[in-house]
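Trainee: So here's target31.pdb, just PDB, C-alpha atoms:
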ATOM      1  CA  MET X1396      27.176 -12.905  -1.682
ATOM      2  CA  ASP X1397      25.921  -9.483  -0.600
ATOM      3  CA  LYS X1398      23.087  -9.480   1.926
ATOM      4  CA  LYS X1399      19.828  -8.305   0.391
ATOM      5  CA  LEU X1400      18.403  -4.986   1.522
ATOM      6  CA  ARG X1401      15.237  -5.321   3.599
ATOM      7  CA  VAL X1402      12.036  -3.687   2.353
ATOM      8  CA  LEU X1403       8.823  -3.159   4.328
ATOM      9  CA  SER X1404       5.434  -2.102   3.009
ATOM     10  CA  GLY X1405       1.833  -2.415   4.132
ATOM     11  CA  VAL X1406      -1.775  -2.062   3.004
ATOM     12  CA  GLN X1407      -4.833  -1.355   5.144
ATOM     13  CA  PRO X1408      -7.675  -3.904   5.147
ATOM     14  CA  THR X1409     -10.281  -1.257   4.374
ATOM     15  CA  GLY X1410     -12.133  -1.889   1.147
ATOM     16  CA  ASN X1411     -10.962  -3.882  -1.822
ATOM     17  CA  LEU X1412      -7.659  -3.299  -3.611
ATOM     18  CA  HIS X1413      -8.207  -1.525  -6.940
ATOM     19  CA  LEU X1414      -6.320  -1.095 -10.189
ATOM     20  CA  GLY X1415      -4.522   1.974  -8.813
ATOM     21  CA  ASN X1416      -3.090  -0.104  -5.926
ATOM     22  CA  TYR X1417      -2.113  -2.910  -8.289
ATOM     23  CA  LEU X1418      -0.648  -0.963 -11.204
ATOM     24  CA  GLY X1419       0.814   1.800  -9.042
ATOM     25  CA  ALA X1420       2.493  -0.381  -6.432
ATOM     26  CA  ILE X1421       1.857  -4.112  -6.101
ATOM     27  CA  ARG X1422       2.827  -5.079  -9.648
ATOM     28  CA  ASN X1423       6.134  -3.258  -9.173
ATOM     29  CA  TRP X1424       6.703  -5.045  -5.850
ATOM     30  CA  VAL X1425       6.121  -8.376  -7.582
ATOM     31  CA  GLU X1426       8.495  -7.602 -10.444
ATOM     32  CA  GLY X1427      11.307  -6.484  -8.126
ATOM     33  CA  GLN X1428      10.790  -8.778  -5.137
ATOM     34  CA  SER X1429      13.714 -11.137  -5.856
ATOM     35  CA  GLU X1430      16.154  -8.230  -5.361
ATOM     36  CA  TYR X1431      15.161  -7.672  -1.723
ATOM     37  CA  GLU X1432      14.196  -9.327   1.559
ATOM     38  CA  ASN X1433      10.544  -8.236   1.672
ATOM     39  CA  PHE X1434       8.072  -7.864   4.525
ATOM     40  CA  PHE X1435       4.500  -7.184   3.398
ATOM     41  CA  CYS X1436       2.134  -6.338   6.227
ATOM     42  CA  VAL X1437      -1.650  -6.063   6.421
ATOM     43  CA  VAL X1438      -1.863  -3.016   8.699
ATOM     44  CA  ASP X1439      -5.089  -3.738  10.546
ATOM     45  CA  LEU X1440      -4.175  -1.549  13.547
ATOM     46  CA  HIS X1441      -4.187   1.451  11.214
ATOM     47  CA  ALA X1442      -7.644   0.477   9.957
ATOM     48  CA  ILE X1443      -9.380   1.582  13.161
ATOM     49  CA  THR X1444      -8.172   5.212  13.154
ATOM     50  CA  ALA X1445     -11.450   5.934  11.344
ATOM     51  CA  PRO X1446     -14.824   4.391  12.227
ATOM     52  CA  HIS X1447     -14.780   0.742  11.114
ATOM     53  CA  ASN X1448     -17.112  -2.247  10.940
ATOM     54  CA  PRO X1449     -15.916  -4.949  13.380
ATOM     55  CA  ALA X1450     -18.004  -7.570  11.567
ATOM     56  CA  ILE X1451     -15.769  -7.422   8.486
ATOM     57  CA  LEU X1452     -12.335  -6.378   9.802
ATOM     58  CA  ALA X1453     -11.023  -9.948  10.062
ATOM     59  CA  SER X1454     -12.431 -11.073   6.699
ATOM     60  CA  ASP X1455     -11.047  -7.950   4.989
ATOM     61  CA  THR X1456      -7.660  -8.682   6.566
ATOM     62  CA  TYR X1457      -7.602 -12.217   5.165
ATOM     63  CA  ALA X1458      -8.741 -10.910   1.781
ATOM     64  CA  ILE X1459      -5.807  -8.479   1.512
ATOM     65  CA  ALA X1460      -3.342 -11.228   2.460
ATOM     66  CA  ALA X1461      -4.866 -13.518  -0.172
ATOM     67  CA  LEU X1462      -4.687 -10.741  -2.783
ATOM     68  CA  TYR X1463      -0.970 -10.246  -2.054
ATOM     69  CA  LEU X1464      -0.469 -13.913  -2.931
ATOM     70  CA  ALA X1465      -2.857 -13.820  -5.904
ATOM     71  CA  CYS X1466      -1.030 -10.823  -7.391
ATOM     72  CA  GLY X1467       2.253 -12.728  -7.303
ATOM     73  CA  ILE X1468       3.991 -12.014  -3.988
ATOM     74  CA  ASP X1469       6.320 -15.036  -3.664
ATOM     75  CA  LEU X1470       6.991 -16.527  -0.225
ATOM     76  CA  GLU X1471      10.504 -17.472  -1.358
ATOM     77  CA  TYR X1472      11.392 -13.767  -1.285
ATOM     78  CA  SER X1473       8.702 -12.259   0.909
ATOM     79  CA  THR X1474       7.044 -12.559   4.317
ATOM     80  CA  ILE X1475       3.316 -11.778   4.551
ATOM     81  CA  PHE X1476       1.912 -11.089   8.010
ATOM     82  CA  VAL X1477      -0.823  -9.254   9.908
ATOM     83  CA  GLN X1478       0.238  -6.236  11.972
ATOM     84  CA  SER X1479      -1.938  -7.015  15.023
ATOM     85  CA  HIS X1480      -0.536 -10.569  15.176
ATOM     86  CA  VAL X1481       2.826  -9.047  16.225
ATOM     87  CA  PRO X1482       2.246  -7.158  19.524
ATOM     88  CA  ALA X1483       5.631  -5.418  19.238
ATOM     89  CA  HIS X1484       4.039  -2.932  16.794
ATOM     90  CA  ALA X1485       1.731  -1.505  19.436
ATOM     91  CA  GLU X1486       4.361  -1.586  22.193
ATOM     92  CA  LEU X1487       7.049   0.194  20.182
ATOM     93  CA  ALA X1488       4.468   2.746  19.024
ATOM     94  CA  TRP X1489       3.817   3.633  22.685
ATOM     95  CA  LEU X1490       7.537   4.041  23.396
ATOM     96  CA  LEU X1491       7.982   6.229  20.310
ATOM     97  CA  ASN X1492       4.912   8.305  21.238
ATOM     98  CA  CYS X1493       6.654   9.234  24.466
ATOM     99  CA  ILE X1494       9.584  10.872  22.664
ATOM    100  CA  THR X1495       7.652  12.410  19.739
ATOM    101  CA  PRO X1496       6.716  16.113  20.110
ATOM    102  CA  ILE X1497       2.995  16.595  19.601
ATOM    103  CA  ASN X1498       3.523  19.536  17.238
ATOM    104  CA  TRP X1499       5.313  17.171  14.813
ATOM    105  CA  LEU X1500       2.075  15.176  14.573
ATOM    106  CA  GLU X1501      -0.225  18.179  14.358
ATOM    107  CA  ASP X1502       1.771  19.366  11.331
ATOM    108  CA  MET X1503       1.131  16.173   9.335
ATOM    109  CA  ILE X1504      -0.856  16.970   6.188
ATOM    110  CA  GLN X1505      -2.946  13.781   6.270
ATOM    111  CA  PHE X1506      -3.946  14.439   9.894
ATOM    112  CA  LYS X1507      -5.117  17.940   9.023
ATOM    113  CA  GLU X1508      -7.147  16.664   6.055
ATOM    114  CA  LYS X1509      -8.720  13.700   7.860
ATOM    115  CA  ALA X1510      -9.392  15.680  11.042
ATOM    116  CA  VAL X1511     -11.571  18.055   9.025
ATOM    117  CA  LYS X1512     -13.656  15.068   7.843
ATOM    118  CA  GLN X1513     -14.015  13.633  11.362
ATOM    119  CA  GLY X1514     -15.008  16.978  12.891
ATOM    120  CA  GLU X1515     -15.288  17.037  16.678
ATOM    121  CA  ASN X1516     -14.887  13.251  16.916
ATOM    122  CA  VAL X1517     -11.189  13.162  15.978
ATOM    123  CA  ASN X1518      -9.598  10.292  17.905
ATOM    124  CA  ALA X1519      -6.085  10.226  19.346
ATOM    125  CA  GLY X1520      -5.277   7.281  17.069
ATOM    126  CA  LEU X1521      -5.607   9.481  13.996
ATOM    127  CA  LEU X1522      -3.081  11.907  15.479
ATOM    128  CA  ASN X1523      -0.721   9.081  16.490
ATOM    129  CA  TYR X1524      -1.130   7.111  13.258
ATOM    130  CA  PRO X1525       2.281   8.259  11.890
ATOM    131  CA  VAL X1526       4.024   7.085  15.086
ATOM    132  CA  LEU X1527       2.539   3.610  14.633
ATOM    133  CA  MET X1528       3.717   3.734  11.021
ATOM    134  CA  ALA X1529       7.188   4.661  12.266
ATOM    135  CA  ALA X1530       7.088   1.666  14.613
ATOM    136  CA  ASP X1531       6.065  -0.600  11.712
ATOM    137  CA  ILE X1532       9.116   0.468   9.734
ATOM    138  CA  LEU X1533      11.701   0.736  12.506
ATOM    139  CA  LEU X1534      10.855  -2.663  14.063
ATOM    140  CA  TYR X1535      12.259  -4.468  11.023
ATOM    141  CA  ASP X1536      15.466  -2.473  10.539
ATOM    142  CA  ALA X1537      14.077  -1.708   7.091
ATOM    143  CA  ASP X1538      16.655  -0.386   4.642
ATOM    144  CA  LYS X1539      14.048   0.780   2.145
ATOM    145  CA  VAL X1540      10.377   1.749   2.256
ATOM    146  CA  PRO X1541       8.390   2.109  -0.993
ATOM    147  CA  VAL X1542       6.625   5.462  -0.767
ATOM    148  CA  GLY X1543       4.292   7.420  -2.977
ATOM    149  CA  GLU X1544       3.929  11.188  -2.857
ATOM    150  CA  ASP X1545       1.256  10.996  -0.144
ATOM    151  CA  GLN X1546       3.501   9.007   2.220
ATOM    152  CA  LYS X1547       6.813  10.883   1.886
ATOM    153  CA  GLN X1548       6.049  13.071   4.900
ATOM    154  CA  HIS X1549       5.393   9.983   7.036
ATOM    155  CA  LEU X1550       8.769   8.475   6.145
ATOM    156  CA  GLU X1551      10.481  11.787   6.922
ATOM    157  CA  LEU X1552       8.784  11.740  10.337
ATOM    158  CA  THR X1553       9.951   8.139  10.882
ATOM    159  CA  ARG X1554      13.531   9.221  10.222
ATOM    160  CA  ASP X1555      13.130  12.232  12.544
ATOM    161  CA  ILE X1556      11.836   9.992  15.359
ATOM    162  CA  ALA X1557      14.705   7.529  14.861
ATOM    163  CA  VAL X1558      17.270  10.356  14.885
ATOM    164  CA  ARG X1559      15.746  11.757  18.084
ATOM    165  CA  LEU X1560      15.736   8.356  19.801
ATOM    166  CA  ASN X1561      19.309   7.606  18.715
ATOM    167  CA  HIS X1562      20.447  11.018  19.987
ATOM    168  CA  GLN X1563      18.754  10.581  23.385
ATOM    169  CA  PHE X1564      19.466   6.907  24.015
ATOM    170  CA  GLY X1565      22.295   5.837  21.711
ATOM    171  CA  THR X1566      25.644   7.100  20.466
ATOM    172  CA  PRO X1567      26.869   7.972  16.943
ATOM    173  CA  GLU X1568      28.975   4.800  17.011
ATOM    174  CA  ASN X1569      26.156   2.646  18.391
ATOM    175  CA  PRO X1570      22.728   3.932  17.272
ATOM    176  CA  VAL X1571      19.660   2.134  18.608
ATOM    177  CA  LEU X1572      17.629   2.229  15.380
ATOM    178  CA  LYS X1573      18.463   2.124  11.691
ATOM    179  CA  LEU X1574      17.336   5.067   9.546
ATOM    180  CA  PRO X1575      15.274   3.846   6.575
ATOM    181  CA  ASP X1576      15.530   5.364   3.104
ATOM    182  CA  PRO X1577      12.707   5.824   0.580
ATOM    183  CA  LEU X1578      12.600   3.243  -2.191
ATOM    184  CA  ILE X1579      11.850   5.067  -5.398
ATOM    185  CA  ARG X1580      11.133   2.258  -7.805
ATOM    186  CA  LYS X1581      10.750   2.765 -11.524
ATOM    187  CA  GLU X1582       7.783   5.010 -12.123
ATOM    188  CA  GLY X1583       4.635   3.207 -11.099
ATOM    189  CA  ALA X1584       1.491   3.942 -12.992
ATOM    190  CA  ARG X1585      -0.530   6.861 -11.698
ATOM    191  CA  VAL X1586      -4.038   5.560 -12.268
ATOM    192  CA  MET X1587      -6.766   8.159 -12.092
ATOM    193  CA  SER X1588     -10.443   8.009 -11.131
ATOM    194  CA  LEU X1589     -13.006   6.815 -13.686
ATOM    195  CA  THR X1590     -15.243   9.730 -12.698
ATOM    196  CA  ASP X1591     -12.569  12.455 -12.744
ATOM    197  CA  GLY X1592      -9.372  12.062 -14.761
ATOM    198  CA  THR X1593      -7.615  14.723 -12.663
ATOM    199  CA  ARG X1594      -7.892  12.807  -9.340
ATOM    200  CA  LYS X1595      -6.135   9.609  -8.281
ATOM    201  CA  MET X1596      -8.144   6.396  -8.094
ATOM    202  CA  SER X1597      -8.773   5.891  -4.374
ATOM    203  CA  LYS X1598     -10.644   3.450  -2.170
ATOM    204  CA  SER X1599     -11.632   6.374   0.079
ATOM    205  CA  ASP X1600     -13.715   7.850  -2.758
ATOM    206  CA  PRO X1601     -17.365   7.295  -1.759
ATOM    207  CA  SER X1602     -18.299   6.379  -5.345
ATOM    208  CA  GLU X1603     -17.674   2.743  -6.342
ATOM    209  CA  GLN X1604     -17.972   3.965  -9.939
ATOM    210  CA  SER X1605     -14.654   5.816  -9.536
ATOM    211  CA  ARG X1606     -12.518   2.670  -9.397
ATOM    212  CA  ILE X1607     -12.174  -0.855 -10.738
ATOM    213  CA  ASN X1608     -11.518  -3.262  -7.876
ATOM    214  CA  LEU X1609      -9.335  -6.318  -8.438
ATOM    215  CA  LEU X1610     -12.229  -8.599  -7.469
ATOM    216  CA  ASP X1611     -14.944  -6.877  -9.530
ATOM    217  CA  SER X1612     -16.987  -9.267 -11.662
ATOM    218  CA  PRO X1613     -16.802  -9.008 -15.473
ATOM    219  CA  ASP X1614     -20.303  -7.508 -15.409
ATOM    220  CA  ALA X1615     -19.296  -4.850 -12.851
ATOM    221  CA  ILE X1616     -16.176  -3.983 -14.856
ATOM    222  CA  ALA X1617     -18.213  -3.624 -18.048
ATOM    223  CA  LYS X1618     -20.749  -1.329 -16.346
ATOM    224  CA  LYS X1619     -18.073   0.890 -14.795
ATOM    225  CA  ILE X1620     -16.166   1.329 -18.045
ATOM    226  CA  LYS X1621     -19.364   1.911 -19.992
ATOM    227  CA  ARG X1622     -20.357   4.714 -17.572
ATOM    228  CA  CYS X1623     -16.903   6.219 -17.005
ATOM    229  CA  LYS X1624     -16.348   9.889 -17.797
ATOM    230  CA  THR X1625     -15.186  10.692 -21.352
ATOM    231  CA  ASP X1626     -15.326  13.639 -23.730
ATOM    232  CA  ALA X1627     -17.036  14.340 -27.056
ATOM    233  CA  LEU X1628     -13.928  14.117 -29.254
ATOM    234  CA  ARG X1629     -13.049  11.281 -31.596
ATOM    235  CA  GLY X1630      -9.533   9.847 -31.677
ATOM    236  CA  LEU X1631      -7.582   9.016 -28.513
ATOM    237  CA  THR X1632      -4.153  10.377 -27.647
ATOM    238  CA  PHE X1633      -1.809  10.355 -24.654
ATOM    239  CA  ASP X1634      -0.610  13.879 -25.292
ATOM    240  CA  SER X1635      -3.632  16.160 -24.869
ATOM    241  CA  SER X1636      -3.324  17.791 -21.452
ATOM    242  CA  ASP X1637      -6.897  19.085 -21.754
ATOM    243  CA  ARG X1638      -8.223  15.495 -22.125
ATOM    244  CA  PRO X1639      -7.302  13.840 -18.789
ATOM    245  CA  GLU X1640      -9.870  11.057 -19.166
ATOM    246  CA  ALA X1641      -8.537  10.046 -22.575
ATOM    247  CA  ARG X1642      -5.003   9.913 -21.220
ATOM    248  CA  ASN X1643      -6.071   7.918 -18.152
ATOM    249  CA  LEU X1644      -8.082   5.297 -20.038
ATOM    250  CA  LEU X1645      -5.391   4.903 -22.693
ATOM    251  CA  THR X1646      -2.830   4.408 -19.919
ATOM    252  CA  LEU X1647      -5.015   1.711 -18.365
ATOM    253  CA  TYR X1648      -5.231  -0.050 -21.719
ATOM    254  CA  LEU X1649      -1.462   0.280 -22.201
ATOM    255  CA  LEU X1650      -0.673  -1.250 -18.793
ATOM    256  CA  LEU X1651      -3.227  -4.057 -18.937
ATOM    257  CA  SER X1652      -2.635  -5.071 -22.554
ATOM    258  CA  GLY X1653       1.153  -5.324 -22.316
ATOM    259  CA  LYS X1654       1.504  -3.373 -25.565
ATOM    260  CA  THR X1655       3.987  -0.545 -26.090
ATOM    261  CA  ARG X1656       2.977   3.098 -25.924
ATOM    262  CA  GLU X1657       3.641   3.410 -29.663
ATOM    263  CA  GLU X1658       1.423   0.405 -30.471
ATOM    264  CA  VAL X1659      -1.450   1.737 -28.364
ATOM    265  CA  ALA X1660      -1.130   5.258 -29.823
ATOM    266  CA  ALA X1661      -1.283   3.892 -33.361
ATOM    267  CA  GLU X1662      -4.154   1.487 -32.613
ATOM    268  CA  CYS X1663      -6.367   4.068 -30.903
ATOM    269  CA  GLN X1664      -5.611   7.331 -32.718
ATOM    270  CA  ASP X1665      -8.749   7.131 -34.894
ATOM    271  CA  MET X1666     -11.051   5.316 -32.460
ATOM    272  CA  GLY X1667     -14.269   6.656 -31.016
ATOM    273  CA  TRP X1668     -15.293   5.891 -27.463
ATOM    274  CA  GLY X1669     -17.908   3.409 -28.641
ATOM    275  CA  GLU X1670     -15.146   1.285 -30.144
ATOM    276  CA  PHE X1671     -12.532   1.826 -27.433
ATOM    277  CA  LYS X1672     -14.613   1.109 -24.313
ATOM    278  CA  PRO X1673     -15.455  -2.524 -25.287
ATOM    279  CA  LEU X1674     -11.756  -3.043 -26.093
ATOM    280  CA  LEU X1675     -10.705  -1.712 -22.677
ATOM    281  CA  THR X1676     -13.418  -3.790 -20.979
ATOM    282  CA  GLU X1677     -12.281  -7.055 -22.585
ATOM    283  CA  THR X1678      -8.616  -6.280 -21.846
ATOM    284  CA  THR X1679      -9.336  -5.456 -18.174
ATOM    285  CA  ILE X1680     -11.420  -8.585 -17.618
ATOM    286  CA  ASN X1681      -8.740 -10.786 -19.209
ATOM    287  CA  ALA X1682      -5.924  -9.144 -17.205
ATOM    288  CA  LEU X1683      -7.715  -9.592 -13.875
ATOM    289  CA  LYS X1684      -8.960 -13.156 -14.463
ATOM    290  CA  PRO X1685      -5.710 -14.919 -13.394
ATOM    291  CA  ILE X1686      -5.582 -12.853 -10.190
ATOM    292  CA  GLN X1687      -9.249 -13.549  -9.434
ATOM    293  CA  ASP X1688      -8.881 -17.285 -10.135
ATOM    294  CA  LYS X1689      -5.839 -17.573  -7.867
ATOM    295  CA  TYR X1690      -7.555 -15.506  -5.167
ATOM    296  CA  LYS X1691     -10.548 -17.872  -5.198
ATOM    297  CA  ASP X1692      -8.278 -20.915  -4.892
ATOM    298  CA  ILE X1693      -6.481 -19.353  -1.903
ATOM    299  CA  MET X1694      -9.686 -18.317  -0.137
ATOM    300  CA  ASP X1695     -11.131 -21.801  -0.709
ATOM    301  CA  ASP X1696      -8.099 -23.275   1.103
ATOM    302  CA  ARG X1697      -8.347 -21.429   4.417
ATOM    303  CA  GLY X1698      -5.844 -23.767   6.050
ATOM    304  CA  TYR X1699      -3.169 -22.722   3.560
ATOM    305  CA  LEU X1700      -3.827 -19.012   4.067
ATOM    306  CA  GLU X1701      -3.727 -19.373   7.849
ATOM    307  CA  SER X1702      -0.444 -21.311   7.607
ATOM    308  CA  VAL X1703       1.068 -18.500   5.504
ATOM    309  CA  LEU X1704       0.048 -15.906   8.112
ATOM    310  CA  ARG X1705       1.208 -18.109  11.003
ATOM    311  CA  GLN X1706       4.609 -18.521   9.386
ATOM    312  CA  GLY X1707       4.660 -14.793   8.597
ATOM    313  CA  LYS X1708       3.879 -13.954  12.230
ATOM    314  CA  GLU X1709       6.769 -16.133  13.429
ATOM    315  CA  GLN X1710       9.261 -14.663  10.958
ATOM    316  CA  ALA X1711       8.147 -11.078  11.627
ATOM    317  CA  SER X1712       8.046 -11.542  15.417
ATOM    318  CA  ALA X1713      11.595 -12.915  15.526
ATOM    319  CA  ILE X1714      12.946  -9.663  14.060
ATOM    320  CA  ALA X1715      10.461  -7.257  15.680
ATOM    321  CA  ASN X1716      11.027  -8.601  19.197
ATOM    322  CA  GLN X1717      14.800  -8.194  18.865
ATOM    323  CA  THR X1718      14.349  -4.525  17.922
ATOM    324  CA  LEU X1719      11.813  -3.936  20.688
ATOM    325  CA  THR X1720      14.161  -5.463  23.273
ATOM    326  CA  LYS X1721      17.002  -3.254  22.043
ATOM    327  CA  VAL X1722      14.822  -0.118  22.419
ATOM    328  CA  LYS X1723      13.564  -1.156  25.877
ATOM    329  CA  LYS X1724      17.132  -1.751  27.052
ATOM    330  CA  ALA X1725      18.134   1.671  25.733
ATOM    331  CA  PHE X1726      15.192   3.237  27.618
ATOM    332  CA  GLY X1727      16.326   1.518  30.820
ATOM    333  CA  TYR X1728      13.503  -1.009  31.282
ATOM    334  CA  SER X1729      13.869  -4.140  33.350
ATOM    335  CA  LEU X1730      13.426  -7.179  31.138
ATOM    336  CA  PRO X1731      11.848 -10.476  32.229
ATOM    337  CA  ASP X1732      14.066 -13.555  32.364
TER     338      ASP X1732
END
Written as C-alpha cells, that's how I'd like the structure from this file.

Mentor:
Amino acid sequence: MDKKLRVLSGVQPTGNLHLGNYLGAIRNWVEGQSEYENFFCVVDLHAITAPHNPAILASDTYAIAALYLACGIDLEYSTIFVQSHVPAHAELAWLLNCITPINWLEDMIQFKEKAVKQGENVNAGLLNYPVLMAADILLYDADKVPVGEDQKQHLELTRDIAVRLNHQFGTPENPVLKLPDPLIRKEGARVMSLTDGTRKMSKSDPSEQSRINLLDSPDAIAKKIKRCKTDALRGLTFDSSDRPEARNLLTLYLLLSGKTREEVAAECQDMGWGEFKPLLTETTINALKPIQDKYKDIMDDRGYLESVLRQGKEQASAIANQTLTKVKKAFGYSLPD
C-alpha cells in the first residue's frame, strides 16, 4: 500500500471561523481527509503578531480546535494540535531566521500591507511571521500545503528557505529538509462579504455585519442576511458581472442547500429579495445547526477536548523533534544525551 502524502494546514485563533473559512477551505479538507495524513494546527504563535487580548487567547484556541472537530475533521485521518504546545516551532523558526535574508521578508506583500496598518509600532514578529510559517510546514516534512491566493507567496518563501538551507548544510543526495508543494484542491468556494460583494469575507473586517460566523445564533444570522447589501433588480442570476451581491448570495444558497447550480438558477430566476432572503436565512441556519450542536457537545466535555490536544501534541512533537534534531545536527550544534 502506498504511503499517504502528508498535509499540513493551520488557522489562527483570532475571531470566530466564518462561512468563508468553512466553505472555502475546511469543508474541502473534511471531504478529502481520508486521502492524506493530515496535521491541522491552531497557530496561536502567529496570533500575537498583531495586538491581542491575553484574556481570550486560550479560550479562542480551544474554540478553533473544537470547531475543527465539529466541522468533521476525523481523528482517524488527522492530528489536531496547538502550535505553542510544540516548542520545536519556535526553535526552528529562530534557526531559519538566521539564514533568511531580511530583504526576502521586507518584500512580502502581507507584511507591507499590515505594516501600514500598524504604523510606527510594527513589531519584529510581523516581519518574521513567514519564517515561523516556514518552520510550521518544514517541521512535519509536509508533502502538500493547502494554499489560497493570499498564501502562495508564503509557500514560495518556505521553499526558498528550504533550498537555501539544503544548499548550505546538506547535499543534493542528502538534503536536510523536504520541499513542500502547494495542494490545489478542487475549487473551493470564494465567499464574499455581505457588505461588499467584490471583497472576500474576512474575519479581519471590522464590521461583524460583513460575515456569518459558524457559531452565530439563528437570530444573528437572520439579522445579517436581512441587512446584507443587495440591489434594486428583481430576479437572481449567477451570470451578471455587474451584480456581485446577487452572485455571492446565490452561491451561498447553492453551497449550503446542496442543490445543483441549475436547480438554484431555475428556482431563483424570478425571485425578489424579499422572497429570497428568508429562504437563504432558513437554509443557512439549518446547515450550521449540526456544526453548532456538535461544537456545544465538545465544549461541554472539556476533558475530551484536552485529551485530543494532548494526543495531538504527542503525535506532532514526535515528528517535529526529529526534524529539529536533523537541522541542529546539520548546523553543527552539540546535542544533549

Trainee: Would you list the contacts of Val1659 (chain X) as a ChimeraX atom specification, taking every protein, DNA or RNA residue within 10 Å and counting only C-alpha atoms, but skipping same-chain residues closer than 2 positions in sequence?

Mentor: /X:1631-1633,1645-1646,1648-1649,1652-1657,1661-1664

Trainee: What is the distance, in Å and to one decimal place, between CA of Pro1496 (chain X) and CA of Gln1563 (chain X)?

Mentor: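 One can read the CA of Pro1496 (chain X) to CA of Gln1563 (chain X) distance as 13.6 Å.
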
Trainee: Please expand the PyMOL selection byres ((chain X and resi 1712) around 12) into the concrete residues it hits in this file, giving the result as an MDAnalysis selection string.

Mentor: chainID X and resid 1434 1474:1484 1531 1534:1535 1704:1711 1713:1720

Trainee: If you apply the PyMOL selection byres ((chain X and resi 1440-1445) around 10) to this file, what residues do you get, as a ChimeraX atom specification?

Mentor: /X:1406-1409,1437-1439,1446-1449,1452,1456,1477-1480,1484-1485,1509-1510,1513,1516-1525,1527-1528

Trainee: Output C-alpha atoms of each residue in that selection to a file, as a compact mmCIF listing (two decimals), in the frame of the given file.

Mentor:
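So the final result, stored in out.txt, reads:
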# COMPACT_ATOMS: atom_id res chain seq x y z
CA VAL X 1406 -1.78 -2.06 3.00
CA GLN X 1407 -4.83 -1.36 5.14
CA PRO X 1408 -7.68 -3.90 5.15
CA THR X 1409 -10.28 -1.26 4.37
CA VAL X 1437 -1.65 -6.06 6.42
CA VAL X 1438 -1.86 -3.02 8.70
CA ASP X 1439 -5.09 -3.74 10.55
CA PRO X 1446 -14.82 4.39 12.23
CA HIS X 1447 -14.78 0.74 11.11
CA ASN X 1448 -17.11 -2.25 10.94
CA PRO X 1449 -15.92 -4.95 13.38
CA LEU X 1452 -12.34 -6.38 9.80
CA THR X 1456 -7.66 -8.68 6.57
CA VAL X 1477 -0.82 -9.25 9.91
CA GLN X 1478 0.24 -6.24 11.97
CA SER X 1479 -1.94 -7.02 15.02
CA HIS X 1480 -0.54 -10.57 15.18
CA HIS X 1484 4.04 -2.93 16.79
CA ALA X 1485 1.73 -1.50 19.44
CA LYS X 1509 -8.72 13.70 7.86
CA ALA X 1510 -9.39 15.68 11.04
CA GLN X 1513 -14.02 13.63 11.36
CA ASN X 1516 -14.89 13.25 16.92
CA VAL X 1517 -11.19 13.16 15.98
CA ASN X 1518 -9.60 10.29 17.90
CA ALA X 1519 -6.08 10.23 19.35
CA GLY X 1520 -5.28 7.28 17.07
CA LEU X 1521 -5.61 9.48 14.00
CA LEU X 1522 -3.08 11.91 15.48
CA ASN X 1523 -0.72 9.08 16.49
CA TYR X 1524 -1.13 7.11 13.26
CA PRO X 1525 2.28 8.26 11.89
CA LEU X 1527 2.54 3.61 14.63
CA MET X 1528 3.72 3.73 11.02

Trainee: Let me make sure I understand: among X:Glu1508, X:Leu1651, X:Leu1683, X:Tyr1457, which one has the smallest atom-to-atom distance to Gly1698 (chain X) if we use all atoms listed in the file?

Mentor: X:Tyr1457
